[in-house]
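What follows is one structure encoded as structure tokens, with my remarks underneath.
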Amino acid sequence: ASRETLRKQAAWLRKNSDITIVLEGHADERGTREYNLALGQRRAETVSDYLVLNGINKSRITVKSYGEEKPAVLGQDESSYAKNRRVEIN
């Protein structure tokens with residue numbers, strides 16, 4: 001499902017070449033702050049790499065990591081953790 005979303009996002013960005021985006025990497029609360037910031041960064045960079053491989057100029061993409069600082073949901077169960085491990089495109 002994620003690949004299909006990214007494929008569609010890349011297609012949309014190719015058609016709208018004046019748009020720039022920010023990829024925000026997030027992690028769940030497990031791990032140290034430093035580890036989660038690095039993990040969020042790697043997640044966002046992976047999405048950036050995918051978009052670049054699919055024709056989006058790297059100069060249109062900004063990558064930022066929030067680590068565990070901005071959870072999508074609160075909770076300490078696997079479902080909550082899974083929702084907090086994400087990359088948001090803005």
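Ordering of the structure tokens sets the chain letters (A, B, ...); residue numbers start at 1 within each chain; ligands are numbered from 1 in the order shown.
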Worksheet item: Near region 17-28 of chain A, within 7 Å and counting only C-alpha atoms, which residues show up once chain neighbours fewer than 4 positions away are dropped, as a list of chain:residue names?
Response: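 The contact residues come out as A:Leu13, A:Asn36, A:Leu39, A:Gly40, A:Gln41, A:Arg43, A:Ala44, A:Arg60, A:Ile61, A:Thr62, A:Val63, A:Lys64, A:Ser65, A:Tyr66, A:Gly67, A:Glu68, A:Tyr81, A:Asn84, A:Arg85, A:Arg86, A:Val87, A:Glu88, A:Ile89, A:Asn90.
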Item to complete: Give me, please, the distance in Å between CA of Asn57 (chain A) and CA of Gln9 (chain A), quoted to one decimal.
Response: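 Here the two named atoms are 13.4 Å from each other.
Secondary structure from DSSP on the backbone puts strand (DSSP E) at the following positions of region 51-83 of chain A: Ile61, Thr62, Val63, Lys64, Ser65, Tyr66 and Gly67 of chain A.
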Worksheet entry | Near-Gly75 (chain A) list (12 Å; only C-alpha atoms; drop same-chain fewer than 3 positions) as JSON, numbers by chain | {"A": [28, 29, 30, 71, 72, 78, 79, 80, 81, 82, 83, 84]}
Kindly save the residues from that selection, with N, CA, C and O atoms included, as a PDB file, in the first residue's frame.
```pdb
ATOM      1  N   ASP A  28       8.284   5.625  16.601  1.00  0.00           N
ATOM      2  CA  ASP A  28       7.504   5.426  17.824  1.00  0.00           C
ATOM      3  C   ASP A  28       8.367   5.804  19.025  1.00  0.00           C
ATOM      4  O   ASP A  28       9.516   6.204  18.877  1.00  0.00           O
ATOM      5  N   GLU A  29       7.819   5.703  20.202  1.00  0.00           N
ATOM      6  CA  GLU A  29       8.490   6.199  21.406  1.00  0.00           C
ATOM      7  C   GLU A  29       9.579   5.289  21.950  1.00  0.00           C
ATOM      8  O   GLU A  29      10.304   5.664  22.862  1.00  0.00           O
ATOM      9  N   ARG A  30       9.702   4.101  21.409  1.00  0.00           N
ATOM     10  CA  ARG A  30      10.725   3.187  21.905  1.00  0.00           C
ATOM     11  C   ARG A  30      12.091   3.623  21.382  1.00  0.00           C
ATOM     12  O   ARG A  30      12.214   4.058  20.258  1.00  0.00           O
ATOM     13  N   PRO A  71       3.865  12.288  17.792  1.00  0.00           N
ATOM     14  CA  PRO A  71       3.144  11.041  17.515  1.00  0.00           C
ATOM     15  C   PRO A  71       1.813  11.304  16.811  1.00  0.00           C
ATOM     16  O   PRO A  71       1.141  12.300  17.079  1.00  0.00           O
ATOM     17  N   ALA A  72       1.462  10.400  15.914  1.00  0.00           N
ATOM     18  CA  ALA A  72       0.159  10.477  15.237  1.00  0.00           C
ATOM     19  C   ALA A  72      -0.950  10.066  16.192  1.00  0.00           C
ATOM     20  O   ALA A  72      -2.060  10.591  16.133  1.00  0.00           O
ATOM     21  N   GLU A  78       1.245  -2.199  20.028  1.00  0.00           N
ATOM     22  CA  GLU A  78       1.829  -2.338  18.693  1.00  0.00           C
ATOM     23  C   GLU A  78       1.064  -1.550  17.639  1.00  0.00           C
ATOM     24  O   GLU A  78       1.665  -0.982  16.724  1.00  0.00           O
ATOM     25  N   SER A  79      -0.244  -1.475  17.756  1.00  0.00           N
ATOM     26  CA  SER A  79      -1.027  -0.712  16.794  1.00  0.00           C
ATOM     27  C   SER A  79      -0.645   0.766  16.826  1.00  0.00           C
ATOM     28  O   SER A  79      -0.472   1.401  15.779  1.00  0.00           O
ATOM     29  N   SER A  80      -0.494   1.322  18.018  1.00  0.00           N
ATOM     30  CA  SER A  80      -0.094   2.725  18.160  1.00  0.00           C
ATOM     31  C   SER A  80       1.321   2.931  17.640  1.00  0.00           C
ATOM     32  O   SER A  80       1.603   3.889  16.910  1.00  0.00           O
ATOM     33  N   TYR A  81       2.225   2.034  18.013  1.00  0.00           N
ATOM     34  CA  TYR A  81       3.601   2.144  17.552  1.00  0.00           C
ATOM     35  C   TYR A  81       3.655   2.140  16.027  1.00  0.00           C
ATOM     36  O   TYR A  81       4.374   2.931  15.409  1.00  0.00           O
ATOM     37  N   ALA A  82       2.900   1.245  15.397  1.00  0.00           N
ATOM     38  CA  ALA A  82       2.910   1.144  13.939  1.00  0.00           C
ATOM     39  C   ALA A  82       2.436   2.439  13.274  1.00  0.00           C
ATOM     40  O   ALA A  82       2.983   2.865  12.255  1.00  0.00           O
ATOM     41  N   LYS A  83       1.432   3.073  13.839  1.00  0.00           N
ATOM     42  CA  LYS A  83       0.922   4.330  13.271  1.00  0.00           C
ATOM     43  C   LYS A  83       1.901   5.479  13.436  1.00  0.00           C
ATOM     44  O   LYS A  83       1.883   6.437  12.664  1.00  0.00           O
ATOM     45  N   ASN A  84       2.749   5.393  14.444  1.00  0.00           N
ATOM     46  CA  ASN A  84       3.720   6.457  14.697  1.00  0.00           C
ATOM     47  C   ASN A  84       4.992   6.292  13.880  1.00  0.00           C
ATOM     48  O   ASN A  84       5.752   7.252  13.721  1.00  0.00           O
TER      49      ASN A  84
END
```
